[in-house]
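Data first, discussion second: the structure below is written as structure tokens.
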Number of protein chains: 2
Amino acid sequence: MAAPRIRLLIGETVALGPGKAALLRAIEEAGSISGAARAMSMSYRRAWDLVDRMNADFTGPLVERVKGGRGGGGARLTELGKDALGRYERIEDKASHAVAQDLEEFAPLLRDPD
Amino acid sequence: MAAPRIRLLIGETVALGPGKAALLRAIEEAGSISGAARAMSMSYRRAWDLVDRMNADFTGPLVERVKGGRGGGGARLTELGKDALGRYERIEDKASHAVAQDLEEFAPLLRDPD
């Protein structure tokens, strides 16, 4: 059986976790919140809600609107957004590597998903 | 600001995470699922649902009923349950230590909760 992955939540109230990190990556890629929501099969309203919460939980916004361009406007990560996402990904990587062996030993305790 | 904590989810469908681990610890302490639910301010129904899911996701039950005793019966962790919880706690510790410095550097990006 493949070893299970760990996923990280940062902070008691989950300032950043796998779902929010994936949304930030999708915004970076799509260039808009609506495009990111579509790519993640998430409602536009939910995507905005998550962005709002991240923008409020950090010292500044992680996502900003961009005027002009395709469809008359989009969104992109701020420098703080790129920094937070990059740090999150490095923390997740480092933690995963640190426990890779333990996760392999944990795997036989789990039923094979089918 | 104190460094934020990480919390771990194991597996894509979250076989074990902070909520389930806390419930297992509470069952160990209370000696029953109803006592554990009460201690966690969780409904009895939700506690049972989480136990059912864990018992199904692992190769055997993590929690078993105990006949007799106070109130005519309770619950306790099986050997597998103790093993899974112990491993989860060690994995969480190890991962936290591996990224302690990074979390300290992440903290200034977050607003102080108030």
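Identifiers for the structure tokens are assigned positionally: chains receive A, B, ... in sequence, residues are indexed from 1 per chain, and ligands are indexed from 1 in the order shown.
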Self-check item: Residue neighbourhood range 41-55 of chain B, 8 Å, only C-alpha atoms, exclusion window fewer than 6 positions, as a VMD selection string
Solution: chain B and resid 15 to 16 20 23 33 to 34 61 to 63
Dump as a PDB file, in the first residue's frame, selection limited to C-alpha atoms:
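See result.pdb below for the written result:
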```pdb
ATOM      1  CA  ALA B  15      -8.174   8.679   8.442  1.00  0.00           C
ATOM      2  CA  LEU B  16      -6.767  10.438  11.500  1.00  0.00           C
ATOM      3  CA  LYS B  20     -10.339  12.236  15.838  1.00  0.00           C
ATOM      4  CA  LEU B  23     -11.743  12.006  20.635  1.00  0.00           C
ATOM      5  CA  ILE B  33     -18.045   7.402  24.293  1.00  0.00           C
ATOM      6  CA  SER B  34     -20.802   9.394  25.996  1.00  0.00           C
ATOM      7  CA  PRO B  61     -11.764  -1.314  15.344  1.00  0.00           C
ATOM      8  CA  LEU B  62      -9.912   1.393  17.293  1.00  0.00           C
ATOM      9  CA  VAL B  63     -12.642   1.558  19.945  1.00  0.00           C
TER      10      VAL B  63
END
```
Practice problem: Specify as a ChimeraX atom specification all residues of chain B found within 9 Å of chain A, counting only C-alpha atoms. | Solution: /B:3-12,14-15,56-60,80,83-84,87-88,90-92,94-99,102-103,106,108-113
Pull N, CA and C atoms from the residues just selected and write them as a CSV table (one decimal), in the first residue's frame.
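For reference, part-v6.csv as written:
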```
chain,number,residue,atom,x,y,z
B,3,ALA,N,4.5,31.3,17.8
B,3,ALA,CA,4.5,30.6,16.5
B,3,ALA,C,3.2,29.8,16.4
B,4,PRO,N,2.6,29.8,15.2
B,4,PRO,CA,1.4,29.0,15.0
B,4,PRO,C,1.7,27.6,15.1
B,5,ARG,N,0.8,26.7,15.5
B,5,ARG,CA,1.0,25.3,15.5
B,5,ARG,C,0.7,24.7,14.1
B,6,ILE,N,1.3,23.6,13.8
B,6,ILE,CA,0.7,22.8,12.7
B,6,ILE,C,-0.1,21.7,13.3
B,7,ARG,N,-1.1,21.3,12.5
B,7,ARG,CA,-1.9,20.1,12.9
B,7,ARG,C,-1.9,19.2,11.6
B,8,LEU,N,-1.9,17.9,11.9
B,8,LEU,CA,-1.7,17.0,10.8
B,8,LEU,C,-3.0,16.3,10.4
B,9,LEU,N,-3.2,16.1,9.2
B,9,LEU,CA,-4.2,15.2,8.7
B,9,LEU,C,-3.5,14.0,8.0
B,10,ILE,N,-3.8,12.8,8.3
B,10,ILE,CA,-3.2,11.7,7.7
B,10,ILE,C,-4.2,11.1,6.7
B,11,GLY,N,-3.7,11.0,5.5
B,11,GLY,CA,-4.5,10.3,4.4
B,11,GLY,C,-5.4,11.4,3.7
B,12,GLU,N,-5.7,11.1,2.5
B,12,GLU,CA,-6.5,12.0,1.7
B,12,GLU,C,-7.9,12.2,2.3
B,14,VAL,N,-8.6,11.8,5.4
B,14,VAL,CA,-8.4,12.1,6.8
B,14,VAL,C,-8.8,10.9,7.7
B,15,ALA,N,-8.0,9.8,7.6
B,15,ALA,CA,-8.2,8.7,8.4
B,15,ALA,C,-8.0,9.1,9.9
B,56,ALA,N,-14.1,1.7,10.7
B,56,ALA,CA,-14.2,1.2,9.3
B,56,ALA,C,-12.9,1.5,8.5
B,57,ASP,N,-12.2,2.6,8.8
B,57,ASP,CA,-11.1,3.0,8.0
B,57,ASP,C,-9.8,2.2,8.3
B,58,PHE,N,-9.7,1.7,9.5
B,58,PHE,CA,-8.5,0.9,9.9
B,58,PHE,C,-8.8,-0.6,9.7
B,59,THR,N,-7.7,-1.3,9.8
B,59,THR,CA,-7.8,-2.8,9.6
B,59,THR,C,-8.7,-3.5,10.6
B,60,GLY,N,-8.9,-2.8,11.7
B,60,GLY,CA,-9.8,-3.3,12.8
B,60,GLY,C,-10.3,-2.2,13.6
B,80,LEU,N,-5.0,-1.9,18.8
B,80,LEU,CA,-4.8,-1.1,17.5
B,80,LEU,C,-5.1,0.4,17.7
B,83,ASP,N,-2.2,1.9,19.5
B,83,ASP,CA,-1.1,1.9,18.6
B,83,ASP,C,-1.3,3.1,17.6
B,84,ALA,N,-2.4,3.2,17.0
B,84,ALA,CA,-2.7,4.3,16.0
B,84,ALA,C,-2.6,5.6,16.6
B,87,ARG,N,1.1,6.4,17.4
B,87,ARG,CA,1.9,6.7,16.2
B,87,ARG,C,1.5,8.1,15.7
B,88,TYR,N,0.2,8.4,15.7
B,88,TYR,CA,-0.3,9.8,15.3
B,88,TYR,C,0.4,10.8,16.1
B,90,ARG,N,3.2,10.7,17.8
B,90,ARG,CA,4.7,10.8,17.5
B,90,ARG,C,4.9,11.5,16.1
B,91,ILE,N,4.1,11.2,15.1
B,91,ILE,CA,4.2,11.8,13.8
B,91,ILE,C,4.0,13.3,13.9
B,92,GLU,N,3.0,13.7,14.7
B,92,GLU,CA,2.7,15.1,14.8
B,92,GLU,C,3.8,15.8,15.5
B,94,LYS,N,7.0,14.9,15.7
B,94,LYS,CA,8.2,14.9,14.8
B,94,LYS,C,8.1,16.0,13.7
B,95,ALA,N,6.9,16.0,13.1
B,95,ALA,CA,6.7,17.0,12.0
B,95,ALA,C,6.8,18.4,12.6
B,96,SER,N,6.2,18.6,13.8
B,96,SER,CA,6.2,20.0,14.4
B,96,SER,C,7.6,20.4,14.7
B,97,HIS,N,8.4,19.5,15.2
B,97,HIS,CA,9.8,19.8,15.5
B,97,HIS,C,10.6,20.2,14.2
B,98,ALA,N,10.3,19.4,13.2
B,98,ALA,CA,11.0,19.6,11.9
B,98,ALA,C,10.8,21.0,11.3
B,99,VAL,N,9.6,21.6,11.6
B,99,VAL,CA,9.3,22.9,11.0
B,99,VAL,C,9.1,24.0,12.0
B,102,ASP,N,10.6,27.3,10.9
B,102,ASP,CA,9.8,27.9,9.8
B,102,ASP,C,8.5,28.5,10.3
B,103,LEU,N,7.9,27.8,11.3
B,103,LEU,CA,6.6,28.3,11.8
B,103,LEU,C,6.9,29.6,12.5
B,106,PHE,N,7.0,32.1,10.0
B,106,PHE,CA,5.6,32.3,9.4
B,106,PHE,C,4.8,33.3,10.2
B,108,PRO,N,5.0,36.1,11.8
B,108,PRO,CA,4.8,37.6,11.5
B,108,PRO,C,3.9,37.9,10.3
B,109,LEU,N,3.6,36.9,9.5
B,109,LEU,CA,2.8,37.1,8.3
B,109,LEU,C,1.3,37.2,8.8
B,110,LEU,N,1.0,36.6,10.0
B,110,LEU,CA,-0.4,36.5,10.4
B,110,LEU,C,-0.7,37.7,11.3
B,111,ARG,N,-1.9,38.1,11.2
B,111,ARG,CA,-2.4,39.1,12.2
B,111,ARG,C,-2.6,38.5,13.5
B,112,ASP,N,-2.3,39.3,14.6
B,112,ASP,CA,-2.6,38.8,15.9
B,112,ASP,C,-4.1,38.6,16.1
B,113,PRO,N,-4.4,37.4,16.5
B,113,PRO,CA,-5.9,37.1,16.8
B,113,PRO,C,-6.2,38.0,18.0
```
Self-check item: Point-to-point distance from CA of Arg65 in chain B to CA of Met40 in chain B, Å rounded to tenths
Solution: 19.2 Å
Would you mind aligning chain B to chain A, a least-squares fit over all C-alpha atoms taken in order, and returning the superposed chain as a tab-separated table (two decimals) with N, CA and C atoms, in the first residue's frame?
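So the final result, stored in superposed.tsv, reads:
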```tsv
chain	number	residue	atom	x	y	z
B	1	MET	N	0.78	-1.12	-0.04
B	1	MET	CA	-0.06	0.09	-0.05
B	1	MET	C	0.84	1.32	-0.05
B	2	ALA	N	0.47	2.32	-0.81
B	2	ALA	CA	1.23	3.57	-0.80
B	2	ALA	C	1.08	4.20	0.58
B	3	ALA	N	2.14	4.84	1.06
B	3	ALA	CA	2.07	5.51	2.36
B	3	ALA	C	1.07	6.65	2.29
B	4	PRO	N	0.28	6.83	3.34
B	4	PRO	CA	-0.65	7.96	3.33
B	4	PRO	C	0.13	9.27	3.37
B	5	ARG	N	-0.46	10.32	2.84
B	5	ARG	CA	0.15	11.66	2.90
B	5	ARG	C	-0.24	12.32	4.21
B	6	ILE	N	0.60	13.25	4.67
B	6	ILE	CA	0.11	14.16	5.68
B	6	ILE	C	-0.30	15.44	4.99
B	7	ARG	N	-1.24	16.13	5.59
B	7	ARG	CA	-1.58	17.47	5.13
B	7	ARG	C	-1.55	18.37	6.34
B	8	LEU	N	-1.12	19.61	6.14
B	8	LEU	CA	-0.86	20.49	7.27
B	8	LEU	C	-1.91	21.57	7.41
B	9	LEU	N	-2.29	21.81	8.65
B	9	LEU	CA	-3.08	22.99	8.97
B	9	LEU	C	-2.19	23.90	9.79
B	10	ILE	N	-2.10	25.16	9.42
B	10	ILE	CA	-1.29	26.09	10.20
B	10	ILE	C	-2.20	26.98	11.03
B	11	GLY	N	-1.98	26.97	12.34
B	11	GLY	CA	-2.75	27.83	13.25
B	11	GLY	C	-3.99	27.12	13.74
B	12	GLU	N	-4.44	27.52	14.91
B	12	GLU	CA	-5.61	26.90	15.54
B	12	GLU	C	-6.85	27.07	14.67
B	13	THR	N	-6.98	28.24	14.09
B	13	THR	CA	-8.18	28.50	13.30
B	13	THR	C	-7.91	28.29	11.80
B	14	VAL	N	-6.80	27.58	11.53
B	14	VAL	CA	-6.44	27.21	10.15
B	14	VAL	C	-6.33	28.43	9.23
B	15	ALA	N	-5.29	29.23	9.53
B	15	ALA	CA	-4.98	30.36	8.67
B	15	ALA	C	-4.68	29.87	7.25
B	16	LEU	N	-3.96	28.76	7.18
B	16	LEU	CA	-3.61	28.20	5.86
B	16	LEU	C	-3.56	26.67	5.97
B	17	GLY	N	-4.24	26.00	5.07
B	17	GLY	CA	-4.27	24.54	5.03
B	17	GLY	C	-4.32	24.11	3.58
B	18	PRO	N	-4.49	22.82	3.33
B	18	PRO	CA	-4.41	22.33	1.95
B	18	PRO	C	-5.46	22.94	1.01
B	19	GLY	N	-6.67	23.18	1.50
B	19	GLY	CA	-7.72	23.74	0.64
B	19	GLY	C	-7.41	25.16	0.23
B	20	LYS	N	-7.02	25.99	1.21
B	20	LYS	CA	-6.72	27.39	0.91
B	20	LYS	C	-5.47	27.50	0.03
B	21	ALA	N	-4.47	26.65	0.31
B	21	ALA	CA	-3.25	26.68	-0.51
B	21	ALA	C	-3.58	26.31	-1.95
B	22	ALA	N	-4.44	25.31	-2.14
B	22	ALA	CA	-4.82	24.91	-3.51
B	22	ALA	C	-5.56	26.04	-4.21
B	23	LEU	N	-6.38	26.77	-3.47
B	23	LEU	CA	-7.11	27.90	-4.06
B	23	LEU	C	-6.13	29.00	-4.49
B	24	LEU	N	-5.15	29.29	-3.65
B	24	LEU	CA	-4.15	30.31	-4.02
B	24	LEU	C	-3.41	29.89	-5.30
B	25	ARG	N	-3.02	28.63	-5.37
B	25	ARG	CA	-2.34	28.15	-6.58
B	25	ARG	C	-3.24	28.27	-7.80
B	26	ALA	N	-4.52	27.96	-7.62
B	26	ALA	CA	-5.46	28.02	-8.74
B	26	ALA	C	-5.68	29.45	-9.20
B	27	ILE	N	-5.69	30.40	-8.27
B	27	ILE	CA	-5.84	31.82	-8.63
B	27	ILE	C	-4.62	32.27	-9.43
B	28	GLU	N	-3.44	31.89	-8.95
B	28	GLU	CA	-2.19	32.19	-9.64
B	28	GLU	C	-2.26	31.69	-11.08
B	29	GLU	N	-2.79	30.49	-11.25
B	29	GLU	CA	-2.82	29.86	-12.56
B	29	GLU	C	-3.91	30.44	-13.46
B	30	ALA	N	-5.10	30.64	-12.89
B	30	ALA	CA	-6.24	31.07	-13.69
B	30	ALA	C	-6.24	32.58	-13.92
B	31	GLY	N	-5.61	33.33	-13.02
B	31	GLY	CA	-5.61	34.78	-13.16
B	31	GLY	C	-6.91	35.43	-12.72
B	32	SER	N	-7.79	34.64	-12.13
B	32	SER	CA	-9.03	35.22	-11.61
B	32	SER	C	-9.61	34.28	-10.56
B	33	ILE	N	-10.44	34.85	-9.70
B	33	ILE	CA	-11.06	34.02	-8.65
B	33	ILE	C	-12.14	33.14	-9.26
B	34	SER	N	-12.88	33.68	-10.25
B	34	SER	CA	-13.92	32.87	-10.88
B	34	SER	C	-13.31	31.68	-11.63
B	35	GLY	N	-12.20	31.92	-12.33
B	35	GLY	CA	-11.52	30.83	-13.03
B	35	GLY	C	-10.99	29.79	-12.07
B	36	ALA	N	-10.45	30.26	-10.95
B	36	ALA	CA	-9.92	29.33	-9.95
B	36	ALA	C	-11.04	28.49	-9.36
B	37	ALA	N	-12.16	29.14	-9.06
B	37	ALA	CA	-13.31	28.42	-8.50
B	37	ALA	C	-13.77	27.35	-9.48
B	38	ARG	N	-13.86	27.72	-10.77
B	38	ARG	CA	-14.28	26.77	-11.79
B	38	ARG	C	-13.31	25.59	-11.84
B	39	ALA	N	-12.01	25.88	-11.85
B	39	ALA	CA	-11.00	24.82	-11.95
B	39	ALA	C	-11.09	23.88	-10.75
B	40	MET	N	-11.54	24.40	-9.60
B	40	MET	CA	-11.61	23.57	-8.40
B	40	MET	C	-13.02	23.03	-8.15
B	41	SER	N	-13.92	23.26	-9.08
B	41	SER	CA	-15.33	22.84	-8.90
B	41	SER	C	-15.87	23.35	-7.57
B	42	MET	N	-15.59	24.62	-7.33
B	42	MET	CA	-16.01	25.26	-6.07
B	42	MET	C	-16.93	26.41	-6.47
B	43	SER	N	-17.88	26.75	-5.63
B	43	SER	CA	-18.73	27.88	-6.00
B	43	SER	C	-17.93	29.17	-5.89
B	44	TYR	N	-18.30	30.13	-6.72
B	44	TYR	CA	-17.64	31.43	-6.72
B	44	TYR	C	-17.75	32.06	-5.33
B	45	ARG	N	-18.91	31.89	-4.73
B	45	ARG	CA	-19.16	32.46	-3.42
B	45	ARG	C	-18.22	31.89	-2.37
B	46	ARG	N	-18.01	30.56	-2.43
B	46	ARG	CA	-17.13	29.92	-1.45
B	46	ARG	C	-15.68	30.36	-1.67
B	47	ALA	N	-15.27	30.46	-2.94
B	47	ALA	CA	-13.90	30.90	-3.23
B	47	ALA	C	-13.68	32.31	-2.68
B	48	TRP	N	-14.65	33.21	-2.91
B	48	TRP	CA	-14.53	34.57	-2.40
B	48	TRP	C	-14.48	34.61	-0.89
B	49	ASP	N	-15.28	33.75	-0.28
B	49	ASP	CA	-15.33	33.70	1.18
B	49	ASP	C	-13.96	33.28	1.74
B	50	LEU	N	-13.35	32.28	1.11
B	50	LEU	CA	-12.03	31.82	1.57
B	50	LEU	C	-10.98	32.91	1.37
B	51	VAL	N	-11.06	33.59	0.22
B	51	VAL	CA	-10.11	34.69	-0.05
B	51	VAL	C	-10.29	35.80	0.98
B	52	ASP	N	-11.54	36.14	1.27
B	52	ASP	CA	-11.81	37.18	2.26
B	52	ASP	C	-11.22	36.83	3.61
B	53	ARG	N	-11.40	35.56	3.99
B	53	ARG	CA	-10.89	35.15	5.30
B	53	ARG	C	-9.37	35.20	5.33
B	54	MET	N	-8.72	34.74	4.25
B	54	MET	CA	-7.25	34.81	4.22
B	54	MET	C	-6.79	36.26	4.26
B	55	ASN	N	-7.45	37.11	3.47
B	55	ASN	CA	-7.04	38.51	3.44
B	55	ASN	C	-7.16	39.16	4.81
B	56	ALA	N	-8.11	38.67	5.62
B	56	ALA	CA	-8.31	39.24	6.96
B	56	ALA	C	-7.36	38.62	7.99
B	57	ASP	N	-6.97	37.35	7.77
B	57	ASP	CA	-6.17	36.64	8.79
B	57	ASP	C	-4.68	36.99	8.70
B	58	PHE	N	-4.25	37.48	7.55
B	58	PHE	CA	-2.84	37.83	7.41
B	58	PHE	C	-2.67	39.34	7.60
B	59	THR	N	-1.41	39.78	7.67
B	59	THR	CA	-1.16	41.20	7.94
B	59	THR	C	-1.58	42.09	6.76
B	60	GLY	N	-1.82	41.48	5.60
B	60	GLY	CA	-2.30	42.22	4.44
B	60	GLY	C	-2.98	41.23	3.53
B	61	PRO	N	-3.58	41.71	2.43
B	61	PRO	CA	-4.25	40.79	1.51
B	61	PRO	C	-3.28	39.82	0.85
B	62	LEU	N	-3.72	38.60	0.61
B	62	LEU	CA	-2.94	37.61	-0.15
B	62	LEU	C	-3.33	37.64	-1.62
B	63	VAL	N	-4.54	38.15	-1.88
B	63	VAL	CA	-5.08	38.18	-3.25
B	63	VAL	C	-5.56	39.59	-3.53
B	64	GLU	N	-5.24	40.10	-4.73
B	64	GLU	CA	-5.72	41.44	-5.10
B	64	GLU	C	-6.37	41.41	-6.48
B	65	ARG	N	-7.32	42.31	-6.66
B	65	ARG	CA	-7.97	42.44	-7.96
B	65	ARG	C	-7.01	43.09	-8.96
B	66	VAL	N	-7.13	42.69	-10.21
B	66	VAL	CA	-6.35	43.30	-11.28
B	66	VAL	C	-7.34	43.93	-12.24
B	67	LYS	N	-7.14	45.21	-12.56
B	67	LYS	CA	-8.03	45.87	-13.52
B	67	LYS	C	-7.61	45.54	-14.94
B	68	GLY	N	-8.56	45.53	-15.81
B	68	GLY	CA	-8.26	45.31	-17.23
B	68	GLY	C	-7.97	43.86	-17.54
B	69	GLY	N	-7.45	43.62	-18.75
B	69	GLY	CA	-7.13	42.26	-19.15
B	69	GLY	C	-8.37	41.53	-19.61
B	70	ARG	N	-8.24	40.23	-19.77
B	70	ARG	CA	-9.33	39.39	-20.24
B	70	ARG	C	-10.58	39.59	-19.39
B	71	GLY	N	-11.69	39.76	-20.02
B	71	GLY	CA	-12.96	39.85	-19.30
B	71	GLY	C	-13.06	41.06	-18.39
B	72	GLY	N	-12.12	42.01	-18.56
B	72	GLY	CA	-12.23	43.27	-17.82
B	72	GLY	C	-11.77	43.21	-16.39
B	73	GLY	N	-10.99	42.19	-16.02
B	73	GLY	CA	-10.46	42.18	-14.65
B	73	GLY	C	-10.26	40.79	-14.14
B	74	GLY	N	-9.35	40.66	-13.22
B	74	GLY	CA	-9.07	39.34	-12.67
B	74	GLY	C	-8.49	39.50	-11.29
B	75	ALA	N	-7.72	38.53	-10.86
B	75	ALA	CA	-7.12	38.59	-9.54
B	75	ALA	C	-5.76	37.92	-9.60
B	76	ARG	N	-4.90	38.32	-8.69
B	76	ARG	CA	-3.57	37.68	-8.62
B	76	ARG	C	-3.10	37.69	-7.17
B	77	LEU	N	-2.05	36.92	-6.93
B	77	LEU	CA	-1.48	36.90	-5.58
B	77	LEU	C	-0.64	38.16	-5.38
B	78	THR	N	-0.72	38.74	-4.20
B	78	THR	CA	0.19	39.82	-3.83
B	78	THR	C	1.55	39.22	-3.50
B	79	GLU	N	2.54	40.09	-3.27
B	79	GLU	CA	3.84	39.58	-2.84
B	79	GLU	C	3.69	38.78	-1.55
B	80	LEU	N	2.85	39.29	-0.64
B	80	LEU	CA	2.61	38.57	0.61
B	80	LEU	C	1.95	37.22	0.34
B	81	GLY	N	1.03	37.20	-0.63
B	81	GLY	CA	0.36	35.95	-0.99
B	81	GLY	C	1.34	34.92	-1.51
B	82	LYS	N	2.26	35.37	-2.39
B	82	LYS	CA	3.27	34.45	-2.93
B	82	LYS	C	4.19	33.95	-1.81
B	83	ASP	N	4.54	34.88	-0.93
B	83	ASP	CA	5.43	34.51	0.17
B	83	ASP	C	4.76	33.49	1.09
B	84	ALA	N	3.51	33.75	1.45
B	84	ALA	CA	2.79	32.84	2.36
B	84	ALA	C	2.63	31.46	1.72
B	85	LEU	N	2.25	31.44	0.44
B	85	LEU	CA	2.06	30.16	-0.24
B	85	LEU	C	3.37	29.39	-0.36
B	86	GLY	N	4.44	30.10	-0.73
B	86	GLY	CA	5.75	29.46	-0.85
B	86	GLY	C	6.20	28.87	0.49
B	87	ARG	N	6.01	29.65	1.56
B	87	ARG	CA	6.41	29.16	2.88
B	87	ARG	C	5.57	27.94	3.28
B	88	TYR	N	4.27	28.02	3.01
B	88	TYR	CA	3.38	26.89	3.34
B	88	TYR	C	3.87	25.62	2.63
B	89	GLU	N	4.18	25.75	1.35
B	89	GLU	CA	4.61	24.58	0.57
B	89	GLU	C	5.92	24.02	1.10
B	90	ARG	N	6.84	24.91	1.47
B	90	ARG	CA	8.12	24.42	2.01
B	90	ARG	C	7.92	23.75	3.38
B	91	ILE	N	7.02	24.31	4.19
B	91	ILE	CA	6.75	23.70	5.51
B	91	ILE	C	6.12	22.32	5.33
B	92	GLU	N	5.18	22.22	4.39
B	92	GLU	CA	4.51	20.93	4.13
B	92	GLU	C	5.53	19.89	3.64
B	93	ASP	N	6.39	20.31	2.72
B	93	ASP	CA	7.45	19.40	2.21
B	93	ASP	C	8.36	18.92	3.32
B	94	LYS	N	8.81	19.88	4.11
B	94	LYS	CA	9.78	19.54	5.15
B	94	LYS	C	9.16	18.59	6.18
B	95	ALA	N	7.93	18.88	6.57
B	95	ALA	CA	7.24	18.03	7.55
B	95	ALA	C	7.02	16.63	6.96
B	96	SER	N	6.64	16.58	5.68
B	96	SER	CA	6.39	15.28	5.04
B	96	SER	C	7.66	14.44	5.00
B	97	HIS	N	8.77	15.09	4.65
B	97	HIS	CA	10.03	14.35	4.62
B	97	HIS	C	10.39	13.83	6.00
B	98	ALA	N	10.17	14.65	7.01
B	98	ALA	CA	10.59	14.27	8.38
B	98	ALA	C	9.86	13.02	8.86
B	99	VAL	N	8.64	12.79	8.35
B	99	VAL	CA	7.84	11.67	8.87
B	99	VAL	C	7.56	10.61	7.80
B	100	ALA	N	8.31	10.65	6.70
B	100	ALA	CA	8.03	9.73	5.59
B	100	ALA	C	8.10	8.27	6.05
B	101	GLN	N	9.12	7.95	6.83
B	101	GLN	CA	9.29	6.57	7.29
B	101	GLN	C	8.13	6.18	8.22
B	102	ASP	N	7.75	7.08	9.10
B	102	ASP	CA	6.66	6.79	10.04
B	102	ASP	C	5.34	6.59	9.30
B	103	LEU	N	5.14	7.36	8.23
B	103	LEU	CA	3.90	7.21	7.46
B	103	LEU	C	3.88	5.87	6.74
B	104	GLU	N	5.06	5.43	6.30
B	104	GLU	CA	5.11	4.12	5.66
B	104	GLU	C	4.74	3.03	6.66
B	105	GLU	N	5.17	3.21	7.89
B	105	GLU	CA	4.85	2.22	8.92
B	105	GLU	C	3.40	2.34	9.40
B	106	PHE	N	2.80	3.51	9.18
B	106	PHE	CA	1.40	3.72	9.56
B	106	PHE	C	0.46	3.06	8.55
B	107	ALA	N	0.91	3.02	7.30
B	107	ALA	CA	0.04	2.55	6.20
B	107	ALA	C	-0.62	1.20	6.46
B	108	PRO	N	0.11	0.20	6.98
B	108	PRO	CA	-0.52	-1.12	7.14
B	108	PRO	C	-1.65	-1.13	8.18
B	109	LEU	N	-1.78	-0.08	8.96
B	109	LEU	CA	-2.88	0.00	9.92
B	109	LEU	C	-4.19	0.37	9.23
B	110	LEU	N	-4.07	0.95	8.05
B	110	LEU	CA	-5.25	1.43	7.32
B	110	LEU	C	-5.76	0.39	6.34
B	111	ARG	N	-7.07	0.30	6.22
B	111	ARG	CA	-7.66	-0.55	5.18
B	111	ARG	C	-7.35	0.03	3.82
B	112	ASP	N	-7.18	-0.81	2.83
B	112	ASP	CA	-7.04	-0.32	1.47
B	112	ASP	C	-8.33	0.35	1.05
B	113	PRO	N	-8.26	1.60	0.60
B	113	PRO	CA	-9.48	2.23	0.09
B	113	PRO	C	-9.86	1.54	-1.22
B	114	ASP	N	-11.14	1.38	-1.44
B	114	ASP	CA	-11.51	0.77	-2.73
B	114	ASP	C	-12.73	1.47	-3.34
```
Quiz prompt | Backbone-only DSSP, helix (DSSP H, G or I) members of chain A, as number ranges by chain | solution = A: 18-30, 33-39, 44-57, 70-72, 79-98, 100-109
Would you put the residues from that selection into a file with C-alpha atoms, as a compact mmCIF listing (two decimals), in the first residue's frame?
```
# COMPACT_ATOMS: atom_id res chain seq x y z
CA PRO A 18 -4.42 22.32 1.93
CA GLY A 19 -7.71 23.74 0.63
CA LYS A 20 -6.72 27.39 0.89
CA ALA A 21 -3.24 26.68 -0.53
CA ALA A 22 -4.81 24.91 -3.52
CA LEU A 23 -7.11 27.91 -4.08
CA LEU A 24 -4.15 30.32 -4.03
CA ARG A 25 -2.33 28.15 -6.58
CA ALA A 26 -5.46 28.03 -8.76
CA ILE A 27 -5.84 31.83 -8.64
CA GLU A 28 -2.17 32.21 -9.64
CA GLU A 29 -2.81 29.89 -12.56
CA ALA A 30 -6.23 31.12 -13.70
CA ILE A 33 -11.06 34.04 -8.66
CA SER A 34 -13.91 32.89 -10.89
CA GLY A 35 -11.50 30.88 -13.05
CA ALA A 36 -9.91 29.36 -9.96
CA ALA A 37 -13.31 28.45 -8.52
CA ARG A 38 -14.26 26.79 -11.80
CA ALA A 39 -10.98 24.85 -11.97
CA TYR A 44 -17.63 31.46 -6.74
CA ARG A 45 -19.15 32.47 -3.44
CA ARG A 46 -17.12 29.93 -1.48
CA ALA A 47 -13.90 30.91 -3.25
CA TRP A 48 -14.52 34.58 -2.40
CA ASP A 49 -15.33 33.69 1.16
CA LEU A 50 -12.03 31.81 1.56
CA VAL A 51 -10.11 34.68 -0.06
CA ASP A 52 -11.81 37.18 2.26
CA ARG A 53 -10.88 35.15 5.30
CA MET A 54 -7.25 34.80 4.21
CA ASN A 55 -7.04 38.50 3.45
CA ALA A 56 -8.31 39.22 6.96
CA ASP A 57 -6.17 36.62 8.78
CA ARG A 70 -9.33 39.43 -20.25
CA GLY A 71 -12.95 39.87 -19.27
CA GLY A 72 -12.25 43.29 -17.79
CA GLU A 79 3.84 39.58 -2.82
CA LEU A 80 2.60 38.58 0.63
CA GLY A 81 0.36 35.95 -0.99
CA LYS A 82 3.27 34.46 -2.93
CA ASP A 83 5.43 34.52 0.18
CA ALA A 84 2.78 32.84 2.36
CA LEU A 85 2.05 30.16 -0.27
CA GLY A 86 5.75 29.48 -0.87
CA ARG A 87 6.41 29.16 2.85
CA TYR A 88 3.39 26.88 3.30
CA GLU A 89 4.61 24.59 0.54
CA ARG A 90 8.12 24.42 2.00
CA ILE A 91 6.75 23.71 5.48
CA GLU A 92 4.52 20.94 4.10
CA ASP A 93 7.44 19.42 2.18
CA LYS A 94 9.79 19.54 5.12
CA ALA A 95 7.24 18.04 7.53
CA SER A 96 6.39 15.28 5.02
CA HIS A 97 10.02 14.35 4.59
CA ALA A 98 10.57 14.28 8.35
CA ALA A 100 8.02 9.73 5.59
CA GLN A 101 9.29 6.59 7.29
CA ASP A 102 6.65 6.81 10.06
CA LEU A 103 3.90 7.21 7.47
CA GLU A 104 5.10 4.11 5.68
CA GLU A 105 4.85 2.22 8.96
CA PHE A 106 1.39 3.72 9.59
CA ALA A 107 0.04 2.53 6.25
CA PRO A 108 -0.50 -1.16 7.21
CA LEU A 109 -2.89 0.00 9.98
```
Quiz item: chain B: which residues are strand (DSSP E or B) by DSSP, as a PyMOL selection string?
Solution: chain B and resi 6-10+16+58+63-67+73-77+110
